[in-house]
>>> print(open('my_file_15.txt').read())   # compact mmCIF, C-alpha atoms
# COMPACT_ATOMS: atom_id res chain seq x y z
CA MET I 26 66.48 -36.58 -11.94
CA GLY I 27 65.23 -39.41 -14.10
CA LEU I 28 64.71 -37.00 -16.99
CA LEU I 29 68.22 -35.60 -16.61
CA PHE I 30 69.59 -39.16 -16.66
CA ALA I 31 67.64 -39.76 -19.86
CA ALA I 32 69.45 -36.77 -21.37
CA LEU I 33 72.79 -38.53 -20.80
CA VAL I 34 71.43 -41.67 -22.46
CA TYR I 35 70.42 -39.66 -25.52
CA VAL I 36 73.82 -37.94 -25.66
CA VAL I 37 75.70 -41.25 -25.58
CA GLY I 38 73.27 -42.82 -28.04
CA GLY I 39 74.05 -40.16 -30.62
CA PHE I 40 77.67 -41.31 -30.73
CA ILE I 41 76.76 -45.01 -30.87
CA GLY I 42 74.35 -44.71 -33.78
CA GLY I 43 71.80 -47.33 -34.75
CA PHE I 44 68.41 -46.17 -33.55
CA PHE I 45 70.01 -42.84 -32.58
CA ARG I 46 71.34 -42.06 -36.05
CA GLU I 47 69.13 -39.05 -36.88
CA LEU I 48 71.27 -36.63 -34.89
CA PRO I 49 69.31 -33.34 -35.27
CA PHE I 50 66.30 -34.99 -33.67
CA VAL I 51 68.38 -36.83 -31.08
CA SER I 52 69.84 -33.48 -29.98
CA ASN I 53 66.31 -32.13 -29.64
CA SER I 54 65.51 -35.15 -27.46
CA VAL I 55 68.48 -34.34 -25.21
CA VAL I 56 67.20 -30.80 -24.73
CA LYS I 57 63.57 -31.89 -24.32
CA VAL I 58 64.19 -34.14 -21.32
CA THR I 59 66.62 -31.58 -19.84
CA VAL I 60 64.03 -28.79 -20.04
CA LEU I 61 61.35 -30.95 -18.44
CA GLY I 62 63.81 -32.09 -15.78
CA LEU I 63 64.74 -28.49 -14.92
CA ALA I 64 61.06 -27.52 -14.86
CA CYS I 65 60.38 -30.37 -12.42
CA LEU I 66 63.23 -29.25 -10.16
CA TYR I 67 61.96 -25.65 -10.25
CA ALA I 68 58.40 -26.75 -9.41
CA ALA I 69 59.64 -29.02 -6.61
CA GLY I 70 60.98 -25.98 -4.78
CA ASN I 71 57.42 -24.70 -4.20
CA VAL I 72 54.73 -27.00 -5.56
CA ARG I 73 51.89 -24.84 -4.28
CA GLY I 74 53.29 -21.55 -5.54
CA ARG I 75 54.58 -22.96 -8.81
CA ARG I 76 51.65 -25.17 -9.72
CA GLY I 77 51.58 -23.55 -13.17
CA VAL I 78 54.95 -25.14 -13.93
CA VAL I 79 53.64 -28.55 -12.87
CA LYS I 80 50.74 -28.07 -15.27
CA ILE I 81 53.22 -27.26 -18.06
CA VAL I 82 55.09 -30.51 -17.38
CA LEU I 83 51.80 -32.41 -17.47
CA ALA I 84 50.74 -30.66 -20.67
CA ALA I 85 54.08 -31.45 -22.31
CA HIS I 86 53.60 -35.16 -21.62
CA LEU I 87 50.07 -34.99 -23.01
CA VAL I 88 51.45 -33.33 -26.14
CA SER I 89 53.95 -36.20 -26.38
CA VAL I 90 51.23 -38.83 -26.20
CA ALA I 91 49.06 -36.96 -28.72
CA ALA I 92 51.95 -36.52 -31.17
CA MET I 93 52.80 -40.22 -31.04
CA VAL I 94 49.17 -41.22 -31.55
CA VAL I 95 49.06 -38.98 -34.64
CA MET I 96 52.19 -40.68 -35.99
CA LEU I 97 50.70 -44.12 -35.39
CA ILE I 98 47.58 -43.18 -37.30
CA PHE I 99 48.97 -41.18 -40.22
CA ALA I 100 52.71 -41.86 -40.59
CA GLU I 101 54.67 -44.87 -41.84
CA THR I 102 55.46 -47.00 -38.77
CA ASP I 103 56.33 -50.41 -40.25
CA ARG I 104 60.06 -49.72 -40.54
CA THR I 105 62.34 -51.76 -38.27
CA VAL I 106 65.04 -50.15 -36.13
CA ASP I 107 67.98 -51.51 -34.15
CA LEU I 108 67.45 -51.06 -30.40
CA TRP I 109 70.83 -52.61 -29.42
CA LEU I 110 69.13 -55.58 -27.70
CA GLY I 111 67.11 -56.46 -30.79
CA ASP I 112 65.04 -55.11 -33.64
CA ALA I 113 61.63 -53.50 -33.25
CA SER I 114 59.21 -51.67 -35.47
CA ILE I 115 58.65 -47.94 -35.12
CA ALA I 116 55.08 -48.73 -34.11
CA ASP I 117 56.31 -50.88 -31.21
CA VAL I 118 58.66 -48.12 -30.06
CA LEU I 119 55.88 -45.54 -30.21
CA TRP I 120 53.48 -47.74 -28.26
CA GLY I 121 56.13 -48.32 -25.61
CA ALA I 122 56.79 -44.59 -25.35
CA ILE I 123 53.06 -43.87 -25.13
CA VAL I 124 52.72 -46.28 -22.21
CA LEU I 125 55.76 -44.76 -20.47
CA ASP I 126 54.63 -41.16 -20.94
CA GLY I 127 51.10 -42.11 -19.94
CA LEU I 128 52.30 -43.65 -16.68
CA ILE I 129 54.52 -40.63 -15.94
CA THR I 130 51.62 -38.26 -16.63
CA LEU I 131 49.27 -40.27 -14.43
CA ALA I 132 51.76 -40.45 -11.57
CA ILE I 133 52.50 -36.71 -11.64
CA ALA I 134 48.80 -35.83 -11.93
CA VAL I 135 47.79 -38.03 -8.99
CA VAL I 136 50.58 -36.82 -6.69
CA PHE I 137 49.95 -33.21 -7.73
CA ALA I 138 46.22 -33.49 -7.04
CA LEU I 139 46.83 -35.09 -3.63
CA SER I 140 49.38 -32.43 -2.67
CA LEU I 141 46.96 -29.63 -3.51
CA SER I 142 44.05 -31.23 -1.68
CA ARG I 143 46.02 -31.48 1.57
CA VAL I 144 47.54 -28.01 1.58
CA PRO I 145 45.53 -24.80 2.09
CA ALA I 146 45.70 -22.28 -0.68
CA GLY I 147 48.41 -19.71 -0.22
CA LEU I 148 47.89 -15.98 -0.13
CA PRO I 149 48.30 -14.17 -3.46
CA GLU I 150 51.62 -12.48 -3.93
CA PRO I 151 51.46 -8.69 -3.59
CA GLU I 152 51.82 -6.70 -6.78
CA GLU I 153 54.89 -4.53 -7.03
CA PRO I 154 53.82 -0.87 -7.08
CA THR I 155 56.10 0.30 -9.87
CA PRO I 156 55.12 -0.31 -13.51
CA PHE I 157 57.18 -2.53 -15.78
CA THR I 158 60.43 -1.00 -16.92
CA ALA I 159 61.19 -0.68 -20.62
CA ALA I 160 63.62 -3.61 -20.36
CA GLU I 161 60.95 -5.79 -18.75
CA GLN I 162 58.48 -4.86 -21.47
CA ARG I 163 61.03 -5.78 -24.15
CA LEU I 164 61.62 -9.15 -22.49
CA ARG I 165 57.88 -9.75 -22.34
CA VAL I 166 57.44 -9.02 -26.06
CA LEU I 167 60.44 -11.22 -26.89
CA LEU I 168 58.98 -14.10 -24.88
CA LEU I 169 55.62 -13.80 -26.63
CA VAL I 170 57.28 -13.74 -30.06
CA LEU I 171 59.44 -16.70 -29.11
CA ALA I 172 56.40 -18.62 -27.87
CA GLY I 173 54.68 -18.10 -31.23
CA LEU I 174 57.74 -19.14 -33.22
CA LEU I 175 58.22 -22.25 -31.09
CA ALA I 176 54.58 -23.22 -31.51
CA LEU I 177 54.97 -22.96 -35.29
CA ALA I 178 58.19 -24.98 -35.14
CA GLY I 179 56.41 -27.70 -33.17
CA LEU I 180 53.66 -27.87 -35.79
CA ALA I 181 56.31 -28.08 -38.53
CA PHE I 182 58.04 -30.98 -36.78
CA GLY I 183 54.72 -32.76 -36.40
CA ALA I 184 53.78 -32.21 -40.05
CA GLY I 185 57.18 -33.28 -41.45
CA PRO I 186 56.56 -37.06 -41.35
CA LEU I 187 53.12 -36.64 -42.93
CA ILE I 188 54.29 -34.84 -46.12
CA ASN I 189 55.62 -36.85 -49.05
CA SER I 190 58.45 -34.43 -49.83
CA THR I 191 59.78 -34.36 -46.25
CA ASP I 192 58.90 -37.73 -44.70
CA GLN I 193 62.33 -39.23 -45.48
CA PHE I 194 64.03 -36.48 -43.51
CA PHE I 195 61.64 -36.80 -40.54
CA VAL I 196 61.94 -40.57 -40.59
CA GLU I 197 62.83 -41.38 -36.96
CA LEU I 198 59.39 -40.76 -35.52
CA PRO I 199 60.09 -41.20 -31.77
CA PHE I 200 62.74 -38.47 -31.92
CA VAL I 201 60.56 -36.30 -34.15
CA THR I 202 57.80 -36.39 -31.54
CA ASN I 203 60.40 -35.45 -28.91
CA SER I 204 61.16 -32.40 -31.04
CA VAL I 205 57.46 -31.52 -31.05
CA VAL I 206 57.38 -31.77 -27.25
CA LEU I 207 60.54 -29.66 -26.90
CA CYS I 208 58.98 -26.83 -28.90
CA ALA I 209 55.70 -27.14 -27.00
CA ALA I 210 57.40 -27.10 -23.59
CA LEU I 211 59.55 -24.07 -24.43
CA ALA I 212 56.56 -22.26 -25.93
CA MET I 213 54.49 -22.87 -22.80
CA LEU I 214 57.33 -21.75 -20.52
CA ALA I 215 57.79 -18.59 -22.59
CA GLY I 216 54.07 -17.81 -22.53
CA TYR I 217 53.81 -18.52 -18.80
CA ALA I 218 56.78 -16.27 -18.02
CA ALA I 219 55.39 -13.50 -20.25
CA ALA I 220 52.01 -13.64 -18.51
CA ASN I 221 53.56 -12.39 -15.26
CA PRO I 222 57.21 -11.47 -15.86
CA ARG I 223 58.03 -10.34 -12.34
CA ARG I 224 56.77 -13.54 -10.71
CA ASN I 225 57.82 -16.01 -13.41
CA MET I 226 60.92 -14.39 -14.90
CA PRO I 227 63.26 -17.02 -13.35
CA LEU I 228 61.75 -19.53 -15.79
CA VAL I 229 63.69 -17.79 -18.55
CA THR I 230 66.81 -19.45 -17.11
CA PRO I 231 65.91 -23.02 -18.22
CA MET I 232 64.95 -21.62 -21.61
CA VAL I 233 68.37 -20.00 -22.03
CA VAL I 234 70.02 -23.21 -20.82
CA ALA I 235 67.99 -25.21 -23.33
CA LEU I 236 68.97 -23.03 -26.28
CA PHE I 237 72.68 -23.05 -25.43
CA LEU I 238 72.60 -26.78 -24.62
CA SER I 239 71.02 -27.47 -27.99
CA ALA I 240 73.82 -25.55 -29.73
CA VAL I 241 76.51 -27.41 -27.77
CA VAL I 242 75.04 -30.86 -28.40
CA GLN I 243 74.60 -30.18 -32.11
CA LEU I 244 78.24 -29.06 -32.37
CA PHE I 245 79.36 -32.23 -30.55
CA TYR I 246 77.28 -34.32 -32.95
CA LEU I 247 79.28 -32.93 -35.87
CA ILE I 248 81.90 -35.52 -34.85
CA PRO I 249 79.83 -38.65 -35.62
CA ALA I 250 77.59 -36.96 -38.24
CA GLY I 251 77.80 -38.02 -41.85
CA GLY I 252 75.83 -38.52 -45.01
CA SER I 253 72.78 -36.68 -46.26
CA ARG I 254 69.01 -37.00 -46.15
CA GLU I 255 66.30 -36.47 -48.75
CA ILE I 256 64.05 -33.44 -48.38
CA PHE I 257 61.98 -31.41 -50.85
CA ASP I 258 63.13 -33.52 -53.83
CA GLY I 259 66.78 -32.85 -52.94
CA GLU I 260 69.37 -33.77 -50.35
CA VAL I 261 70.88 -31.94 -47.40
CA ASP I 262 74.06 -32.82 -45.49
CA MET I 263 73.61 -33.75 -41.84
CA GLU I 264 76.63 -31.64 -40.90
CA LEU I 265 74.98 -28.57 -42.44
CA VAL I 266 71.71 -29.21 -40.61
CA LEU I 267 73.50 -29.56 -37.28
CA LEU I 268 75.68 -26.51 -37.83
CA ALA I 269 72.71 -24.35 -38.88
CA GLY I 270 70.73 -25.52 -35.86
CA ALA I 271 73.63 -24.76 -33.52
CA VAL I 272 74.04 -21.23 -34.90
CA ILE I 273 70.31 -20.45 -34.73
CA ASN I 274 69.93 -21.75 -31.18
CA ALA I 275 73.09 -19.98 -29.98
CA LEU I 276 71.88 -16.66 -31.42
CA LEU I 277 68.41 -17.07 -29.90
CA GLY I 278 69.95 -18.00 -26.56
CA LEU I 279 72.24 -14.97 -26.63
CA VAL I 280 69.41 -12.55 -27.49
CA LEU I 281 67.20 -14.00 -24.76
CA LEU I 282 70.04 -13.94 -22.21
CA LEU I 283 70.84 -10.28 -22.90
CA ALA I 284 67.17 -9.28 -22.67
CA TYR I 285 66.81 -11.31 -19.47
CA ARG I 286 69.86 -9.72 -17.89
CA ALA I 287 68.73 -6.22 -18.86
CA ALA I 288 65.28 -6.86 -17.33
CA TRP I 289 66.76 -7.91 -13.98
CA ARG I 290 69.16 -4.95 -13.93
CA ALA I 291 66.39 -2.48 -14.76
CA ARG I 292 64.00 -3.97 -12.22
CA TYR I 293 66.43 -3.54 -9.31
CA ARG I 294 68.34 -0.57 -10.77
CA LEU I 295 71.60 -2.52 -10.71
CA SER I 296 74.80 -0.91 -11.93
>>> encode(input="my_file_15.txt", output="structure tokens")
Amino acid sequence: MGLLFAALVYVVGGFIGGFFRELPFVSNSVVKVTVLGLACLYAAGNVRGRRGVVKIVLAAHLVSVAAMVVMLIFAETDRTVDLWLGDASIADVLWGAIVLDGLITLAIAVVFALSLSRVPAGLPEPEEPTPFTAAEQRLRVLLLVLAGLLALAGLAFGAGPLINSTDQFFVELPFVTNSVVLCAALAMLAGYAAANPRRNMPLVTPMVVALFLSAVVQLFYLIPAGGSREIFDGEVDMELVLLAGAVINALLGLVLLLAYRAAWRARYRLS
């Protein structure tokens, strides 16, 4: 629930501005904490049976810490930002976020380890006798393709602040690292669901929610958006970036939703 509350803070911050002025990355931050929050709620329903989801949440926080460490080492972190209560350098913000994510990761890991040590291992779920339907196979391929694309997108977000021609666009490093984590979390969820579609197919739901939520938030951010940013020796309007992101995410969400629905209908022969 704390992660879902953080999503509301990011949403409001995008309309206030200041530190939250780079709206494409703020919208990614909204979706990132929402996805992790939904994953936590899903795992809480059956910690023993859904331990893979807990591991994804842990891995996402480790990716967050690693991405911020990379930014501290290689990116420009001396710039000062307005945090409402006072000014702070990007380096200070990153260090604070590293401590917070590190504590969250440690707490989840300790509680998870203790819960597993005190509960006997469950019996493996029986395999369904029928082979995958064509619709289930299509969903599986789509999830694998999506996982690869998201992994590449995460690498692109991480590389943006380190390249001279793009560093001014990827300037708000804490939100850029959130974008890296969002892509990593969605990629891991997609890969995990594709590994065993019949057991893990419900995890497609938070992925669809994330894609549609991203589109909605980016459209809302068209209201306060303004100005342009430098990239590749040119400039791009923030409104155009947000609109393009909303369209892409909405289309991906729609394709995934239709494939997901078709897989469920084919699996149970619904009509």
>>> closest_residue(input="my_file_15.txt", among="I:Asn203, I:Leu187, I:Ala160, I:Pro49", to="Val90 in chain I", atoms="all atoms listed in the file")
I:Asn203
>>> closest_residue(input="my_file_15.txt", among="I:Val56, I:Leu48, I:Ala218, I:Leu61", to="Gly77 in chain I", atoms="only C-alpha atoms")
I:Ala218
>>> atom_distance(input="my_file_15.txt", atom1="CA of Gly74 in chain I", atom2="CA of Asn225 in chain I")
10.6 Å
>>> atom_distance(input="my_file_15.txt", atom1="CA of Val241 in chain I", atom2="CA of Val34 in chain I")
16.0 Å
>>> closest_residue(input="my_file_15.txt", among="I:Ile188, I:Ala209, I:Leu87, I:Val136", to="Phe257 in chain I", atoms="all atoms listed in the file")
I:Ile188
>>> residues_around(input="my_file_15.txt", residues="Ala284 in chain I", least_positions_apart="6", cutoff="10 Å", atoms="all atoms listed in the file", output="list in words")
Ala160, Glu161, Gln162, Arg163, Leu164, Arg165, Leu167, Leu168, Gly278 and Arg290 of chain I
>>> residues_around(input="my_file_15.txt", residues="Ala116 in chain I", least_positions_apart="2", cutoff="12 Å", atoms="all atoms listed in the file", output="PyMOL selection string")
chain I and resi 93-106+112-114+118-123+197-199
>>> write_last_selection(input="my_file_15.txt", atoms="C-alpha atoms", output="PDB file, in the coordinates of the input")
ATOM      1  CA  MET I  93      52.800 -40.220 -31.040  1.00  0.00           C
ATOM      2  CA  VAL I  94      49.170 -41.220 -31.550  1.00  0.00           C
ATOM      3  CA  VAL I  95      49.060 -38.980 -34.640  1.00  0.00           C
ATOM      4  CA  MET I  96      52.190 -40.680 -35.990  1.00  0.00           C
ATOM      5  CA  LEU I  97      50.700 -44.120 -35.390  1.00  0.00           C
ATOM      6  CA  ILE I  98      47.580 -43.180 -37.300  1.00  0.00           C
ATOM      7  CA  PHE I  99      48.970 -41.180 -40.220  1.00  0.00           C
ATOM      8  CA  ALA I 100      52.710 -41.860 -40.590  1.00  0.00           C
ATOM      9  CA  GLU I 101      54.670 -44.870 -41.840  1.00  0.00           C
ATOM     10  CA  THR I 102      55.460 -47.000 -38.770  1.00  0.00           C
ATOM     11  CA  ASP I 103      56.330 -50.410 -40.250  1.00  0.00           C
ATOM     12  CA  ARG I 104      60.060 -49.720 -40.540  1.00  0.00           C
ATOM     13  CA  THR I 105      62.340 -51.760 -38.270  1.00  0.00           C
ATOM     14  CA  VAL I 106      65.040 -50.150 -36.130  1.00  0.00           C
ATOM     15  CA  ASP I 112      65.040 -55.110 -33.640  1.00  0.00           C
ATOM     16  CA  ALA I 113      61.630 -53.500 -33.250  1.00  0.00           C
ATOM     17  CA  SER I 114      59.210 -51.670 -35.470  1.00  0.00           C
ATOM     18  CA  VAL I 118      58.660 -48.120 -30.060  1.00  0.00           C
ATOM     19  CA  LEU I 119      55.880 -45.540 -30.210  1.00  0.00           C
ATOM     20  CA  TRP I 120      53.480 -47.740 -28.260  1.00  0.00           C
ATOM     21  CA  GLY I 121      56.130 -48.320 -25.610  1.00  0.00           C
ATOM     22  CA  ALA I 122      56.790 -44.590 -25.350  1.00  0.00           C
ATOM     23  CA  ILE I 123      53.060 -43.870 -25.130  1.00  0.00           C
ATOM     24  CA  GLU I 197      62.830 -41.380 -36.960  1.00  0.00           C
ATOM     25  CA  LEU I 198      59.390 -40.760 -35.520  1.00  0.00           C
ATOM     26  CA  PRO I 199      60.090 -41.200 -31.770  1.00  0.00           C
TER      27      PRO I 199
END
>>> closest_residue(input="my_file_15.txt", among="I:Leu28, I:Val51, I:Val60, I:Val79", to="Ser204 in chain I", atoms="only C-alpha atoms")
I:Val51
>>> residues_around(input="my_file_15.txt", residues="Gly216 in chain I", least_positions_apart="3", cutoff="6 Å", atoms="all atoms listed in the file", output="MDAnalysis selection string")
chainID I and resid 169 172 213 219
>>> residues_around(input="my_file_15.txt", residues="Val205 in chain I", least_positions_apart="5", cutoff="10 Å", atoms="only C-alpha atoms", output="PyMOL selection string")
chain I and resi 50+53-54+57+85+88-89+92-93+175-184+200+210
>>> write_last_selection(input="my_file_15.txt", atoms="C-alpha atoms", output="PDB file, in the coordinates of the input")
ATOM      1  CA  PHE I  50      66.300 -34.990 -33.670  1.00  0.00           C
ATOM      2  CA  ASN I  53      66.310 -32.130 -29.640  1.00  0.00           C
ATOM      3  CA  SER I  54      65.510 -35.150 -27.460  1.00  0.00           C
ATOM      4  CA  LYS I  57      63.570 -31.890 -24.320  1.00  0.00           C
ATOM      5  CA  ALA I  85      54.080 -31.450 -22.310  1.00  0.00           C
ATOM      6  CA  VAL I  88      51.450 -33.330 -26.140  1.00  0.00           C
ATOM      7  CA  SER I  89      53.950 -36.200 -26.380  1.00  0.00           C
ATOM      8  CA  ALA I  92      51.950 -36.520 -31.170  1.00  0.00           C
ATOM      9  CA  MET I  93      52.800 -40.220 -31.040  1.00  0.00           C
ATOM     10  CA  LEU I 175      58.220 -22.250 -31.090  1.00  0.00           C
ATOM     11  CA  ALA I 176      54.580 -23.220 -31.510  1.00  0.00           C
ATOM     12  CA  LEU I 177      54.970 -22.960 -35.290  1.00  0.00           C
ATOM     13  CA  ALA I 178      58.190 -24.980 -35.140  1.00  0.00           C
ATOM     14  CA  GLY I 179      56.410 -27.700 -33.170  1.00  0.00           C
ATOM     15  CA  LEU I 180      53.660 -27.870 -35.790  1.00  0.00           C
ATOM     16  CA  ALA I 181      56.310 -28.080 -38.530  1.00  0.00           C
ATOM     17  CA  PHE I 182      58.040 -30.980 -36.780  1.00  0.00           C
ATOM     18  CA  GLY I 183      54.720 -32.760 -36.400  1.00  0.00           C
ATOM     19  CA  ALA I 184      53.780 -32.210 -40.050  1.00  0.00           C
ATOM     20  CA  PHE I 200      62.740 -38.470 -31.920  1.00  0.00           C
ATOM     21  CA  ALA I 210      57.400 -27.100 -23.590  1.00  0.00           C
TER      22      ALA I 210
END
>>> closest_atom_pairs(input="my_file_15.txt", of="range 161-253 of chain I", to="range 258-263 of chain I", cutoff="7 Å", atoms="only C-alpha atoms", output="JSON lines")
{"residue": "I:Ser190", "atom": "CA", "partner": "I:Asp258", "partner_atom": "CA", "distance": 6.2}
{"residue": "I:Ala250", "atom": "CA", "partner": "I:Met263", "partner_atom": "CA", "distance": 6.3}
{"residue": "I:Gly251", "atom": "CA", "partner": "I:Met263", "partner_atom": "CA", "distance": 6.0}
{"residue": "I:Gly252", "atom": "CA", "partner": "I:Asp262", "partner_atom": "CA", "distance": 6.0}
{"residue": "I:Ser253", "atom": "CA", "partner": "I:Asp262", "partner_atom": "CA", "distance": 4.1}
>>> atom_distance(input="my_file_15.txt", atom1="CA of Tyr67 in chain I", atom2="CA of Thr202 in chain I")
24.2 Å
>>> closest_residue(input="my_file_15.txt", among="I:Val135, I:Ile129, I:Ala220, I:Leu214", to="Leu63 in chain I", atoms="all atoms listed in the file")
I:Leu214
>>> closest_residue(input="my_file_15.txt", among="I:Val37, I:Ile248, I:Leu108, I:Ala64", to="Val234 in chain I", atoms="only C-alpha atoms")
I:Ala64
>>> decode(input="my_file_15.txt", residues="range 241-249 of chain I", atoms="all heavy atoms", output="JSON list (two decimals), in the first residue's frame")
[["chain", "number", "residue", "atom", "x", "y", "z"],
["I", 241, "VAL", "N", -2.82, 6.99, -19.58],
["I", 241, "VAL", "CA", -3.72, 7.94, -18.93],
["I", 241, "VAL", "C", -2.94, 9.05, -18.24],
["I", 241, "VAL", "O", -3.26, 10.25, -18.37],
["I", 241, "VAL", "CB", -4.63, 7.21, -17.92],
["I", 241, "VAL", "CG1", -5.41, 8.21, -17.06],
["I", 241, "VAL", "CG2", -5.60, 6.29, -18.64],
["I", 242, "VAL", "N", -1.90, 8.69, -17.50],
["I", 242, "VAL", "CA", -1.11, 9.69, -16.78],
["I", 242, "VAL", "C", -0.42, 10.65, -17.76],
["I", 242, "VAL", "O", -0.38, 11.86, -17.54],
["I", 242, "VAL", "CB", -0.07, 9.01, -15.86],
["I", 242, "VAL", "CG1", 0.86, 10.05, -15.24],
["I", 242, "VAL", "CG2", -0.77, 8.21, -14.77],
["I", 243, "GLN", "N", 0.12, 10.11, -18.85],
["I", 243, "GLN", "CA", 0.78, 10.96, -19.82],
["I", 243, "GLN", "C", -0.21, 11.93, -20.48],
["I", 243, "GLN", "O", 0.14, 13.08, -20.74],
["I", 243, "GLN", "CB", 1.47, 10.10, -20.88],
["I", 243, "GLN", "CG", 2.73, 9.42, -20.34],
["I", 243, "GLN", "CD", 3.31, 8.40, -21.29],
["I", 243, "GLN", "OE1", 2.58, 7.63, -21.90],
["I", 243, "GLN", "NE2", 4.62, 8.37, -21.41],
["I", 244, "LEU", "N", -1.43, 11.48, -20.71],
["I", 244, "LEU", "CA", -2.45, 12.39, -21.27],
["I", 244, "LEU", "C", -2.82, 13.47, -20.25],
["I", 244, "LEU", "O", -3.01, 14.64, -20.62],
["I", 244, "LEU", "CB", -3.68, 11.59, -21.68],
["I", 244, "LEU", "CG", -3.51, 10.69, -22.92],
["I", 244, "LEU", "CD1", -4.78, 9.88, -23.16],
["I", 244, "LEU", "CD2", -3.17, 11.52, -24.16],
["I", 245, "PHE", "N", -2.93, 13.11, -18.98],
["I", 245, "PHE", "CA", -3.21, 14.10, -17.95],
["I", 245, "PHE", "C", -2.09, 15.12, -17.85],
["I", 245, "PHE", "O", -2.32, 16.32, -17.63],
["I", 245, "PHE", "CB", -3.41, 13.42, -16.59],
["I", 245, "PHE", "CG", -4.82, 13.03, -16.31],
["I", 245, "PHE", "CD1", -5.16, 11.71, -16.03],
["I", 245, "PHE", "CD2", -5.84, 13.98, -16.31],
["I", 245, "PHE", "CE1", -6.47, 11.34, -15.78],
["I", 245, "PHE", "CE2", -7.15, 13.62, -16.05],
["I", 245, "PHE", "CZ", -7.47, 12.30, -15.78],
["I", 246, "TYR", "N", -0.86, 14.66, -18.03],
["I", 246, "TYR", "CA", 0.30, 15.56, -17.91],
["I", 246, "TYR", "C", 0.42, 16.51, -19.10],
["I", 246, "TYR", "O", 1.26, 17.42, -19.08],
["I", 246, "TYR", "CB", 1.58, 14.75, -17.75],
["I", 246, "TYR", "CG", 1.83, 14.25, -16.34],
["I", 246, "TYR", "CD1", 2.84, 13.34, -16.07],
["I", 246, "TYR", "CD2", 1.05, 14.70, -15.28],
["I", 246, "TYR", "CE1", 3.07, 12.88, -14.79],
["I", 246, "TYR", "CE2", 1.28, 14.24, -14.00],
["I", 246, "TYR", "CZ", 2.29, 13.34, -13.75],
["I", 246, "TYR", "OH", 2.52, 12.90, -12.48],
["I", 247, "LEU", "N", -0.39, 16.31, -20.13],
["I", 247, "LEU", "CA", -0.41, 17.30, -21.21],
["I", 247, "LEU", "C", -0.93, 18.65, -20.71],
["I", 247, "LEU", "O", -0.63, 19.69, -21.30],
["I", 247, "LEU", "CB", -1.31, 16.80, -22.35],
["I", 247, "LEU", "CG", -0.76, 15.67, -23.21],
["I", 247, "LEU", "CD1", -1.82, 15.19, -24.20],
["I", 247, "LEU", "CD2", 0.49, 16.12, -23.98],
["I", 248, "ILE", "N", -1.68, 18.64, -19.61],
["I", 248, "ILE", "CA", -2.22, 19.89, -19.05],
["I", 248, "ILE", "C", -1.11, 20.79, -18.52],
["I", 248, "ILE", "O", -1.01, 21.96, -18.92],
["I", 248, "ILE", "CB", -3.26, 19.59, -17.96],
["I", 248, "ILE", "CG1", -4.42, 18.78, -18.54],
["I", 248, "ILE", "CG2", -3.77, 20.88, -17.32],
["I", 248, "ILE", "CD1", -5.40, 18.28, -17.50],
["I", 249, "PRO", "N", -0.22, 20.29, -17.63],
["I", 249, "PRO", "CA", 0.85, 21.18, -17.15],
["I", 249, "PRO", "C", 2.09, 21.21, -18.05],
["I", 249, "PRO", "O", 2.99, 22.03, -17.82],
["I", 249, "PRO", "CB", 1.20, 20.57, -15.79],
["I", 249, "PRO", "CG", 0.95, 19.12, -15.97],
["I", 249, "PRO", "CD", -0.24, 19.01, -16.89]]
